[in-house]
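Visitor: The file below is start16.json, JSON, C-alpha atoms:
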```json
[["chain", "number", "residue", "atom", "x", "y", "z"],
["A", 1, "MET", "CA", -58.16, -43.41, 84.82],
["A", 2, "LYS", "CA", -57.24, -44.54, 81.30],
["A", 3, "ILE", "CA", -53.83, -42.84, 81.56],
["A", 4, "LYS", "CA", -53.17, -44.53, 84.91],
["A", 5, "THR", "CA", -54.11, -47.91, 83.42],
["A", 6, "MET", "CA", -51.76, -47.42, 80.46],
["A", 7, "SER", "CA", -48.96, -46.34, 82.80],
["A", 8, "ARG", "CA", -49.49, -49.42, 84.95],
["A", 9, "GLU", "CA", -49.38, -51.67, 81.88],
["A", 10, "LYS", "CA", -46.12, -50.09, 80.76],
["A", 11, "GLN", "CA", -44.63, -50.66, 84.21],
["A", 12, "ILE", "CA", -45.68, -54.30, 84.13],
["A", 13, "ILE", "CA", -44.17, -54.81, 80.68],
["A", 14, "LEU", "CA", -40.95, -53.03, 81.70],
["A", 15, "THR", "CA", -40.70, -55.23, 84.80],
["A", 16, "ALA", "CA", -41.23, -58.34, 82.68],
["A", 17, "ARG", "CA", -38.45, -57.25, 80.34],
["A", 18, "VAL", "CA", -36.07, -56.63, 83.25],
["A", 19, "VAL", "CA", -36.88, -60.06, 84.73],
["A", 20, "SER", "CA", -36.25, -61.73, 81.35],
["A", 21, "LEU", "CA", -32.96, -59.86, 80.98],
["A", 22, "VAL", "CA", -31.70, -60.59, 84.51],
["A", 23, "PHE", "CA", -32.60, -64.28, 84.39],
["A", 24, "THR", "CA", -31.06, -64.94, 81.01],
["A", 25, "PRO", "CA", -31.15, -68.59, 79.81],
["A", 26, "PHE", "CA", -27.36, -68.66, 79.92],
["A", 27, "TYR", "CA", -26.84, -68.39, 83.68],
["A", 28, "LEU", "CA", -27.34, -72.13, 84.48],
["A", 29, "PRO", "CA", -23.65, -73.19, 84.49],
["A", 30, "LEU", "CA", -22.58, -70.14, 86.50],
["A", 31, "VAL", "CA", -25.26, -70.74, 89.14],
["A", 32, "GLY", "CA", -24.33, -74.43, 89.25],
["A", 33, "LEU", "CA", -20.68, -73.65, 89.90],
["A", 34, "VAL", "CA", -21.50, -71.07, 92.56],
["A", 35, "ALA", "CA", -23.66, -73.69, 94.29],
["A", 36, "LEU", "CA", -20.81, -76.20, 94.14],
["A", 37, "PHE", "CA", -18.35, -73.70, 95.58],
["A", 38, "PHE", "CA", -20.65, -72.93, 98.51],
["A", 39, "LEU", "CA", -22.41, -76.24, 99.20],
["A", 40, "SER", "CA", -19.66, -78.82, 98.76],
["A", 41, "TYR", "CA", -16.07, -79.48, 99.75],
["A", 42, "LEU", "CA", -15.06, -77.25, 96.82],
["A", 43, "ARG", "CA", -15.38, -74.32, 99.21],
["A", 44, "GLN", "CA", -11.84, -75.29, 100.27],
["A", 45, "TYR", "CA", -10.43, -74.26, 96.90],
["A", 46, "PRO", "CA", -8.52, -70.94, 96.92],
["A", 47, "LEU", "CA", -10.77, -67.94, 96.29],
["A", 48, "ALA", "CA", -8.60, -66.77, 93.40],
["A", 49, "TYR", "CA", -8.99, -70.11, 91.62],
["A", 50, "LYS", "CA", -12.78, -70.16, 92.11],
["A", 51, "LEU", "CA", -13.05, -66.62, 90.75],
["A", 52, "PHE", "CA", -10.92, -67.60, 87.76],
["A", 53, "VAL", "CA", -13.17, -70.56, 86.93],
["A", 54, "LEU", "CA", -16.29, -68.43, 87.34],
["A", 55, "ALA", "CA", -14.79, -65.73, 85.10],
["A", 56, "VAL", "CA", -14.06, -68.24, 82.33],
["A", 57, "VAL", "CA", -17.55, -69.71, 82.53],
["A", 58, "TYR", "CA", -19.18, -66.26, 82.68],
["A", 59, "PHE", "CA", -17.27, -65.06, 79.62],
["A", 60, "PHE", "CA", -18.13, -68.01, 77.37],
["A", 61, "THR", "CA", -21.62, -68.96, 78.59],
["A", 62, "ILE", "CA", -23.16, -65.55, 79.34],
["A", 63, "LEU", "CA", -21.19, -62.60, 77.99],
["A", 64, "MET", "CA", -20.17, -64.00, 74.59],
["A", 65, "PRO", "CA", -23.49, -65.55, 73.53],
["A", 66, "THR", "CA", -25.44, -62.53, 74.78],
["A", 67, "LEU", "CA", -23.18, -60.12, 72.89],
["A", 68, "LEU", "CA", -23.10, -62.16, 69.66],
["A", 69, "ILE", "CA", -26.87, -62.69, 69.65],
["A", 70, "HIS", "CA", -27.37, -58.96, 70.26],
["A", 71, "LEU", "CA", -25.09, -58.13, 67.31],
["A", 72, "TYR", "CA", -26.92, -60.66, 65.13],
["A", 73, "ARG", "CA", -30.27, -59.14, 66.06],
["A", 74, "ARG", "CA", -29.02, -55.62, 65.32],
["A", 75, "TYR", "CA", -27.58, -56.77, 61.99],
["A", 76, "GLN", "CA", -30.95, -58.24, 61.02],
["A", 77, "GLY", "CA", -32.78, -55.12, 62.25],
["A", 78, "TRP", "CA", -35.09, -57.15, 64.48],
["A", 79, "THR", "CA", -36.61, -56.25, 67.81],
["A", 80, "LEU", "CA", -36.37, -58.69, 70.72],
["A", 81, "PHE", "CA", -39.97, -59.71, 70.04],
["A", 82, "GLU", "CA", -39.22, -60.39, 66.37],
["A", 83, "LEU", "CA", -36.13, -62.42, 67.27],
["A", 84, "GLY", "CA", -38.33, -64.54, 69.54],
["A", 85, "ARG", "CA", -40.26, -66.03, 66.61],
["A", 86, "LYS", "CA", -39.73, -69.78, 66.35],
["A", 87, "GLU", "CA", -38.24, -69.71, 62.86],
["A", 88, "ARG", "CA", -35.68, -67.05, 63.86],
["A", 89, "ARG", "CA", -34.37, -68.71, 67.01],
["A", 90, "MET", "CA", -32.12, -71.34, 65.42],
["A", 91, "VAL", "CA", -29.14, -69.03, 64.79],
["A", 92, "PRO", "CA", -29.13, -67.79, 68.43],
["A", 93, "TYR", "CA", -29.27, -71.44, 69.52],
["A", 94, "ILE", "CA", -26.29, -72.27, 67.30],
["A", 95, "ILE", "CA", -24.34, -69.28, 68.65],
["A", 96, "SER", "CA", -24.92, -70.28, 72.27],
["A", 97, "ILE", "CA", -24.12, -73.95, 71.59],
["A", 98, "LEU", "CA", -20.81, -73.03, 69.92],
["A", 99, "CYS", "CA", -19.91, -70.75, 72.84],
["A", 100, "TYR", "CA", -20.64, -73.59, 75.29],
["A", 101, "PHE", "CA", -18.49, -76.01, 73.28],
["A", 102, "THR", "CA", -15.68, -73.46, 73.32],
["A", 103, "CYS", "CA", -15.98, -73.11, 77.08],
["A", 104, "ILE", "CA", -15.83, -76.87, 77.61],
["A", 105, "TYR", "CA", -12.80, -77.18, 75.33],
["A", 106, "LEU", "CA", -10.98, -74.36, 77.13],
["A", 107, "MET", "CA", -11.76, -75.84, 80.55],
["A", 108, "GLU", "CA", -10.21, -79.13, 79.41],
["A", 109, "GLN", "CA", -7.13, -77.33, 78.09],
["A", 110, "LEU", "CA", -6.76, -75.50, 81.41],
["A", 111, "HIS", "CA", -7.13, -78.83, 83.27],
["A", 112, "ILE", "CA", -10.06, -77.57, 85.28],
["A", 113, "PRO", "CA", -11.53, -80.54, 87.23],
["A", 114, "HIS", "CA", -13.88, -82.62, 85.13],
["A", 115, "PHE", "CA", -16.87, -82.35, 87.46],
["A", 116, "MET", "CA", -16.83, -78.56, 87.03],
["A", 117, "GLY", "CA", -16.97, -79.01, 83.28],
["A", 118, "ASP", "CA", -19.86, -81.46, 83.71],
["A", 119, "ILE", "CA", -22.07, -78.56, 84.82],
["A", 120, "VAL", "CA", -21.36, -76.72, 81.57],
["A", 121, "ILE", "CA", -21.98, -79.93, 79.62],
["A", 122, "ALA", "CA", -25.35, -80.34, 81.38],
["A", 123, "ALA", "CA", -26.27, -76.76, 80.42],
["A", 124, "LEU", "CA", -25.13, -77.47, 76.86],
["A", 125, "ILE", "CA", -27.41, -80.51, 76.70],
["A", 126, "VAL", "CA", -30.35, -78.36, 77.85],
["A", 127, "GLN", "CA", -29.56, -75.89, 75.04],
["A", 128, "MET", "CA", -29.27, -78.64, 72.42],
["A", 129, "VAL", "CA", -32.52, -80.34, 73.44],
["A", 130, "CYS", "CA", -34.35, -76.99, 73.39],
["A", 131, "ALA", "CA", -32.90, -76.26, 69.93],
["A", 132, "LEU", "CA", -34.12, -79.63, 68.67],
["A", 133, "ILE", "CA", -37.60, -79.14, 70.13],
["A", 134, "ASN", "CA", -37.72, -75.63, 68.62],
["A", 135, "VAL", "CA", -37.82, -77.18, 65.15],
["A", 136, "TRP", "CA", -41.40, -78.27, 65.92],
["A", 137, "TRP", "CA", -42.43, -76.24, 68.95],
["A", 138, "LYS", "CA", -41.33, -72.94, 70.49],
["A", 139, "ILE", "CA", -40.20, -73.96, 73.96],
["A", 140, "SER", "CA", -39.06, -71.51, 76.64],
["A", 141, "THR", "CA", -35.30, -71.61, 77.14],
["A", 142, "HIS", "CA", -35.64, -69.16, 80.04],
["A", 143, "THR", "CA", -37.68, -71.62, 82.09],
["A", 144, "ALA", "CA", -35.58, -74.53, 80.79],
["A", 145, "ALA", "CA", -32.56, -72.85, 82.40],
["A", 146, "ILE", "CA", -34.26, -72.40, 85.79],
["A", 147, "GLY", "CA", -35.54, -75.98, 85.46],
["A", 148, "GLY", "CA", -31.94, -77.04, 84.93],
["A", 149, "VAL", "CA", -31.01, -75.27, 88.17],
["A", 150, "ALA", "CA", -33.76, -77.21, 89.98],
["A", 151, "GLY", "CA", -32.50, -80.49, 88.51],
["A", 152, "ALA", "CA", -28.89, -79.74, 89.41],
["A", 153, "LEU", "CA", -29.97, -78.76, 92.92],
["A", 154, "PHE", "CA", -31.64, -82.15, 93.33],
["A", 155, "ILE", "CA", -28.45, -83.97, 92.32],
["A", 156, "PHE", "CA", -26.26, -81.76, 94.53],
["A", 157, "SER", "CA", -28.50, -82.36, 97.55],
["A", 158, "GLU", "CA", -28.20, -86.11, 97.05],
["A", 159, "LEU", "CA", -24.44, -86.05, 96.50],
["A", 160, "PHE", "CA", -23.52, -83.64, 99.29],
["A", 161, "GLY", "CA", -26.28, -84.42, 101.77],
["A", 162, "PHE", "CA", -27.84, -81.03, 102.44],
["A", 163, "ASN", "CA", -31.50, -80.03, 102.81],
["A", 164, "PRO", "CA", -32.55, -78.22, 99.61],
["A", 165, "VAL", "CA", -36.03, -77.11, 100.73],
["A", 166, "TRP", "CA", -35.28, -73.40, 101.07],
["A", 167, "TRP", "CA", -33.26, -73.43, 97.87],
["A", 168, "TYR", "CA", -36.20, -75.07, 96.10],
["A", 169, "CYS", "CA", -38.52, -72.38, 97.43],
["A", 170, "LEU", "CA", -36.27, -69.73, 95.88],
["A", 171, "VAL", "CA", -35.93, -71.60, 92.57],
["A", 172, "PHE", "CA", -39.68, -72.18, 92.21],
["A", 173, "LEU", "CA", -40.40, -68.56, 93.11],
["A", 174, "ILE", "CA", -37.99, -67.36, 90.41],
["A", 175, "ALA", "CA", -39.44, -69.89, 87.94],
["A", 176, "GLY", "CA", -42.96, -68.60, 88.57],
["A", 177, "VAL", "CA", -41.96, -64.95, 88.18],
["A", 178, "LEU", "CA", -39.88, -65.70, 85.08],
["A", 179, "GLY", "CA", -42.58, -67.78, 83.43],
["A", 180, "THR", "CA", -45.14, -65.06, 84.10],
["A", 181, "ALA", "CA", -42.80, -62.45, 82.61],
["A", 182, "ARG", "CA", -42.36, -64.47, 79.42],
["A", 183, "MET", "CA", -46.12, -64.79, 79.03],
["A", 184, "ILE", "CA", -46.69, -61.09, 79.73],
["A", 185, "LEU", "CA", -44.25, -60.31, 76.91],
["A", 186, "ARG", "CA", -46.20, -62.73, 74.71],
["A", 187, "GLN", "CA", -43.08, -64.72, 73.97],
["A", 188, "HIS", "CA", -44.55, -68.00, 75.22],
["A", 189, "THR", "CA", -47.75, -69.73, 76.20],
["A", 190, "LEU", "CA", -48.29, -71.42, 79.56],
["A", 191, "GLY", "CA", -47.60, -74.80, 77.98],
["A", 192, "GLN", "CA", -44.29, -73.62, 76.51],
["A", 193, "VAL", "CA", -43.21, -72.16, 79.85],
["A", 194, "VAL", "CA", -44.11, -75.29, 81.86],
["A", 195, "GLY", "CA", -42.69, -77.57, 79.17],
["A", 196, "GLY", "CA", -39.39, -75.68, 79.20],
["A", 197, "PHE", "CA", -39.10, -76.04, 82.98],
["A", 198, "PHE", "CA", -39.60, -79.80, 82.90],
["A", 199, "VAL", "CA", -37.23, -80.24, 79.96],
["A", 200, "GLY", "CA", -34.58, -78.39, 81.97],
["A", 201, "VAL", "CA", -35.15, -80.54, 85.07],
["A", 202, "VAL", "CA", -35.00, -83.83, 83.16],
["A", 203, "CYS", "CA", -31.96, -82.88, 81.06],
["A", 204, "ALA", "CA", -29.98, -81.62, 84.05],
["A", 205, "VAL", "CA", -30.74, -84.68, 86.18],
["A", 206, "LEU", "CA", -29.94, -87.19, 83.45],
["A", 207, "ALA", "CA", -26.82, -85.33, 82.32],
["A", 208, "MET", "CA", -25.34, -85.06, 85.81],
["A", 209, "LEU", "CA", -26.20, -88.67, 86.65],
["A", 210, "PHE", "CA", -24.53, -90.17, 83.59],
["A", 211, "LEU", "CA", -21.64, -87.78, 82.83]]
```
Could you write out this structure as structure tokens?
Guide:
Amino acid sequence: MKIKTMSREKQIILTARVVSLVFTPFYLPLVGLVALFFLSYLRQYPLAYKLFVLAVVYFFTILMPTLLIHLYRRYQGWTLFELGRKERRMVPYIISILCYFTCIYLMEQLHIPHFMGDIVIAALIVQMVCALINVWWKISTHTAAIGGVAGALFIFSELFGFNPVWWYCLVFLIAGVLGTARMILRQHTLGQVVGGFFVGVVCAVLAMLFL
């Protein structure tokens, strides 16, 4: 019985790690662009152009920060849990913020429509606010990202006039699973998880309203 219990605990922890890895905090701009390409008139853009924009955003907002943070962690000899300590999170924040700035600059140089870049800017604002809060309090950037998706979804539904109920169901389901995973891994408390979600919602809504 004890062996079965330990095995079950390991499976739960492994699942939590997979969920945290799949729903990385960096996916917000990519998801936002995919939503735009499917839910708005932007679906009329050529497929090759949409794939090009998505590739640029993926490279600079997901691949690059993930790779650089991984190399930084390996250089320091830290585990993922050790990197998650509040005082050690500032460098990863700086890395991701610089990658986002680079993406925005490149999108401007390539003359990619401004409203596409606004999604990356909104995600950048979420990252910067989380970095600022992290000075005093360890907030969850994972749930901030999914909160940003919820906020962007609200704005998109108002702008393009579609019913977001089923999309919200999916977003809240993912947010619940993701928040639970972060707590199982002992990376965050319930307050940090919920706080991150609401920070993401507010930042995304305000950023997309006023950009």
Visitor: Box time for region 199-210 of chain A: axis-aligned, enclosing all its listed atoms, 8 Å extra on each side; report centre and edge lengths in Å to one decimal, as JSON.
Guide:
```
{"center_x": -30.9, "center_y": -84.3, "center_z": 83.3, "size_x": 28.7, "size_y": 27.8, "size_z": 22.7}
```
Visitor: Nearest to Arg85 (chain A): which of A:Tyr45, A:Trp137, A:Tyr72, A:Phe101 is it, counting all atoms listed in the file?
Guide: A:Trp137
Visitor: Taking into account all atoms listed in the file, which residue in the set A:Cys103, A:Cys203, A:Tyr41, A:Tyr49 is nearest to Val129 (chain A)?
Guide: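 Of A:Cys103, A:Cys203, A:Tyr41, A:Tyr49, the one nearest Val129 (chain A) is A:Cys203, counting all atoms listed in the file.
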Visitor: May I ask which of the residues A:Ile62, A:Leu132, A:Leu67, A:Val53 is the closest one to Val22 (chain A), counting all atoms listed in the file?
Guide: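 Closest residue, counting all atoms listed in the file: A:Ile62.
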Visitor: Using Å and a single decimal, report how far CA of Gln192 (chain A) sits from CA of Asn134 (chain A).
Guide: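 We find that CA of Asn134 (chain A) and CA of Gln192 (chain A) lie 10.5 Å from each other.
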Visitor: Which distance in Å separates CA of Leu98 (chain A) and CA of Val177 (chain A), to one decimal?
Guide: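 Between CA of Leu98 (chain A) and CA of Val177 (chain A) the gap is 29.1 Å.
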Visitor: Report, in Å with one decimal, the straight-line distance from CA of Met128 (chain A) to CA of Met116 (chain A).
Guide: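 CA of Met116 (chain A) lies at a distance of 19.2 Å from CA of Met128 (chain A).
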Visitor: I need the residue nearest Phe23 (chain A) from this list: A:His142, A:His188, A:Val193, A:Leu153. Use all atoms listed in the file for the distance.
Guide: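 Closest candidate: A:His142.
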Visitor: Just want the 8 Å neighbourhood of Leu185 (chain A), counted on only C-alpha atoms, with same-chain residues fewer than 2 positions away dropped. Output as JSON, numbers by chain.
Guide: {"A": [13, 16, 17, 181, 182, 183, 187, 188]}
Visitor: Write a file of the selected residues as a compact mmCIF listing (two decimals), in the coordinates of the input, keeping C-alpha atoms.
Guide:
```
# COMPACT_ATOMS: atom_id res chain seq x y z
CA ILE A 13 -44.17 -54.81 80.68
CA ALA A 16 -41.23 -58.34 82.68
CA ARG A 17 -38.45 -57.25 80.34
CA ALA A 181 -42.80 -62.45 82.61
CA ARG A 182 -42.36 -64.47 79.42
CA MET A 183 -46.12 -64.79 79.03
CA GLN A 187 -43.08 -64.72 73.97
CA HIS A 188 -44.55 -68.00 75.22
```
Visitor: Neighbouring residues of Ile119 (chain A) were defined as those with any atom within 12 Å, considering all atoms listed in the file; residues of the same chain fewer than 2 positions away were excluded. Please report them as a PyMOL selection string.
Guide: chain A and resi 27-36+54+57+61+100+103-104+107+113-117+121-126+148-149+151-153+155-156+203-211
Visitor: Filtering to C-alpha atoms, could you give me those residues as a tab-separated table (two decimals), keeping the file's coordinate frame?
Guide:
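Written out: selection28.tsv:
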```tsv
chain	number	residue	atom	x	y	z
A	27	TYR	CA	-26.84	-68.39	83.68
A	28	LEU	CA	-27.34	-72.13	84.48
A	29	PRO	CA	-23.65	-73.19	84.49
A	30	LEU	CA	-22.58	-70.14	86.50
A	31	VAL	CA	-25.26	-70.74	89.14
A	32	GLY	CA	-24.33	-74.43	89.25
A	33	LEU	CA	-20.68	-73.65	89.90
A	34	VAL	CA	-21.50	-71.07	92.56
A	35	ALA	CA	-23.66	-73.69	94.29
A	36	LEU	CA	-20.81	-76.20	94.14
A	54	LEU	CA	-16.29	-68.43	87.34
A	57	VAL	CA	-17.55	-69.71	82.53
A	61	THR	CA	-21.62	-68.96	78.59
A	100	TYR	CA	-20.64	-73.59	75.29
A	103	CYS	CA	-15.98	-73.11	77.08
A	104	ILE	CA	-15.83	-76.87	77.61
A	107	MET	CA	-11.76	-75.84	80.55
A	113	PRO	CA	-11.53	-80.54	87.23
A	114	HIS	CA	-13.88	-82.62	85.13
A	115	PHE	CA	-16.87	-82.35	87.46
A	116	MET	CA	-16.83	-78.56	87.03
A	117	GLY	CA	-16.97	-79.01	83.28
A	121	ILE	CA	-21.98	-79.93	79.62
A	122	ALA	CA	-25.35	-80.34	81.38
A	123	ALA	CA	-26.27	-76.76	80.42
A	124	LEU	CA	-25.13	-77.47	76.86
A	125	ILE	CA	-27.41	-80.51	76.70
A	126	VAL	CA	-30.35	-78.36	77.85
A	148	GLY	CA	-31.94	-77.04	84.93
A	149	VAL	CA	-31.01	-75.27	88.17
A	151	GLY	CA	-32.50	-80.49	88.51
A	152	ALA	CA	-28.89	-79.74	89.41
A	153	LEU	CA	-29.97	-78.76	92.92
A	155	ILE	CA	-28.45	-83.97	92.32
A	156	PHE	CA	-26.26	-81.76	94.53
A	203	CYS	CA	-31.96	-82.88	81.06
A	204	ALA	CA	-29.98	-81.62	84.05
A	205	VAL	CA	-30.74	-84.68	86.18
A	206	LEU	CA	-29.94	-87.19	83.45
A	207	ALA	CA	-26.82	-85.33	82.32
A	208	MET	CA	-25.34	-85.06	85.81
A	209	LEU	CA	-26.20	-88.67	86.65
A	210	PHE	CA	-24.53	-90.17	83.59
A	211	LEU	CA	-21.64	-87.78	82.83
```
Visitor: For a quick check of understanding, using only C-alpha atoms, which of A:Trp78, A:Arg8, A:Tyr105, A:Phe172 has the smallest distance to Asp118 (chain A)?
Guide: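 Ranking A:Trp78, A:Arg8, A:Tyr105, A:Phe172 by distance to Asp118 (chain A), first place goes to A:Tyr105.
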Visitor: Rank A:Ala150, A:Met64, A:Ala144, A:Val201 by their smallest atom-to-atom distance to Pro25 (chain A), using all atoms listed in the file, and report the top residue only.
Guide: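 Of A:Ala150, A:Met64, A:Ala144, A:Val201, the one nearest Pro25 (chain A) is A:Ala144, counting all atoms listed in the file.
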Visitor: Can you fill out region 54-64 of chain A with all heavy atoms and hand it back as a CSV table (one decimal), in the coordinates of the input?
Guide:
```
chain,number,residue,atom,x,y,z
A,54,LEU,N,-15.0,-69.1,87.6
A,54,LEU,CA,-16.3,-68.4,87.3
A,54,LEU,C,-16.2,-67.4,86.2
A,54,LEU,O,-17.1,-67.2,85.4
A,54,LEU,CB,-16.7,-67.7,88.6
A,54,LEU,CG,-17.2,-68.7,89.8
A,54,LEU,CD1,-17.5,-67.9,91.0
A,54,LEU,CD2,-18.4,-69.5,89.4
A,55,ALA,N,-15.0,-66.7,86.2
A,55,ALA,CA,-14.8,-65.7,85.1
A,55,ALA,C,-14.8,-66.4,83.7
A,55,ALA,O,-15.4,-65.9,82.8
A,55,ALA,CB,-13.5,-65.0,85.4
A,56,VAL,N,-14.1,-67.5,83.6
A,56,VAL,CA,-14.1,-68.2,82.3
A,56,VAL,C,-15.5,-68.7,81.9
A,56,VAL,O,-15.9,-68.5,80.8
A,56,VAL,CB,-13.1,-69.5,82.4
A,56,VAL,CG1,-13.3,-70.4,81.2
A,56,VAL,CG2,-11.7,-69.1,82.6
A,57,VAL,N,-16.2,-69.2,82.8
A,57,VAL,CA,-17.6,-69.7,82.5
A,57,VAL,C,-18.5,-68.5,82.2
A,57,VAL,O,-19.3,-68.6,81.3
A,57,VAL,CB,-18.1,-70.5,83.7
A,57,VAL,CG1,-19.6,-70.8,83.5
A,57,VAL,CG2,-17.3,-71.8,83.9
A,58,TYR,N,-18.4,-67.4,83.0
A,58,TYR,CA,-19.2,-66.3,82.7
A,58,TYR,C,-18.9,-65.7,81.3
A,58,TYR,O,-19.8,-65.4,80.5
A,58,TYR,CB,-18.9,-65.2,83.7
A,58,TYR,CG,-19.6,-63.8,83.4
A,58,TYR,CD1,-20.9,-63.6,83.6
A,58,TYR,CD2,-18.8,-62.8,82.8
A,58,TYR,CE1,-21.5,-62.4,83.3
A,58,TYR,CE2,-19.5,-61.6,82.4
A,58,TYR,CZ,-20.8,-61.4,82.7
A,58,TYR,OH,-21.4,-60.3,82.3
A,59,PHE,N,-17.6,-65.7,80.9
A,59,PHE,CA,-17.3,-65.1,79.6
A,59,PHE,C,-17.9,-65.9,78.5
A,59,PHE,O,-18.4,-65.3,77.5
A,59,PHE,CB,-15.7,-65.0,79.5
A,59,PHE,CG,-15.3,-64.3,78.2
A,59,PHE,CD1,-15.2,-62.9,78.1
A,59,PHE,CD2,-14.9,-65.1,77.1
A,59,PHE,CE1,-14.8,-62.3,76.9
A,59,PHE,CE2,-14.5,-64.5,75.9
A,59,PHE,CZ,-14.5,-63.1,75.9
A,60,PHE,N,-17.7,-67.2,78.5
A,60,PHE,CA,-18.1,-68.0,77.4
A,60,PHE,C,-19.6,-68.5,77.4
A,60,PHE,O,-20.1,-68.9,76.4
A,60,PHE,CB,-17.2,-69.2,77.3
A,60,PHE,CG,-15.8,-68.9,76.7
A,60,PHE,CD1,-14.8,-68.8,77.6
A,60,PHE,CD2,-15.6,-68.7,75.4
A,60,PHE,CE1,-13.5,-68.5,77.1
A,60,PHE,CE2,-14.4,-68.4,74.9
A,60,PHE,CZ,-13.3,-68.3,75.8
A,61,THR,N,-20.2,-68.5,78.5
A,61,THR,CA,-21.6,-69.0,78.6
A,61,THR,C,-22.7,-67.9,78.8
A,61,THR,O,-23.9,-68.1,78.6
A,61,THR,CB,-21.8,-70.0,79.7
A,61,THR,OG1,-21.6,-69.4,81.0
A,61,THR,CG2,-20.8,-71.1,79.5
A,62,ILE,N,-22.2,-66.7,79.2
A,62,ILE,CA,-23.2,-65.6,79.3
A,62,ILE,C,-22.8,-64.4,78.5
A,62,ILE,O,-23.6,-63.9,77.6
A,62,ILE,CB,-23.2,-65.1,80.8
A,62,ILE,CG1,-23.8,-66.3,81.7
A,62,ILE,CG2,-24.1,-63.9,81.0
A,62,ILE,CD1,-23.9,-65.9,83.2
A,63,LEU,N,-21.6,-63.8,78.7
A,63,LEU,CA,-21.2,-62.6,78.0
A,63,LEU,C,-21.1,-62.8,76.5
A,63,LEU,O,-21.7,-62.0,75.7
A,63,LEU,CB,-19.8,-62.1,78.5
A,63,LEU,CG,-19.3,-60.8,77.9
A,63,LEU,CD1,-20.3,-59.7,78.2
A,63,LEU,CD2,-18.0,-60.4,78.5
A,64,MET,N,-20.4,-63.8,76.0
A,64,MET,CA,-20.2,-64.0,74.6
A,64,MET,C,-21.5,-64.3,73.8
A,64,MET,O,-21.8,-63.7,72.8
A,64,MET,CB,-19.1,-65.1,74.3
A,64,MET,CG,-17.7,-64.6,74.5
A,64,MET,SD,-17.3,-63.3,73.3
A,64,MET,CE,-17.3,-64.3,71.8
```
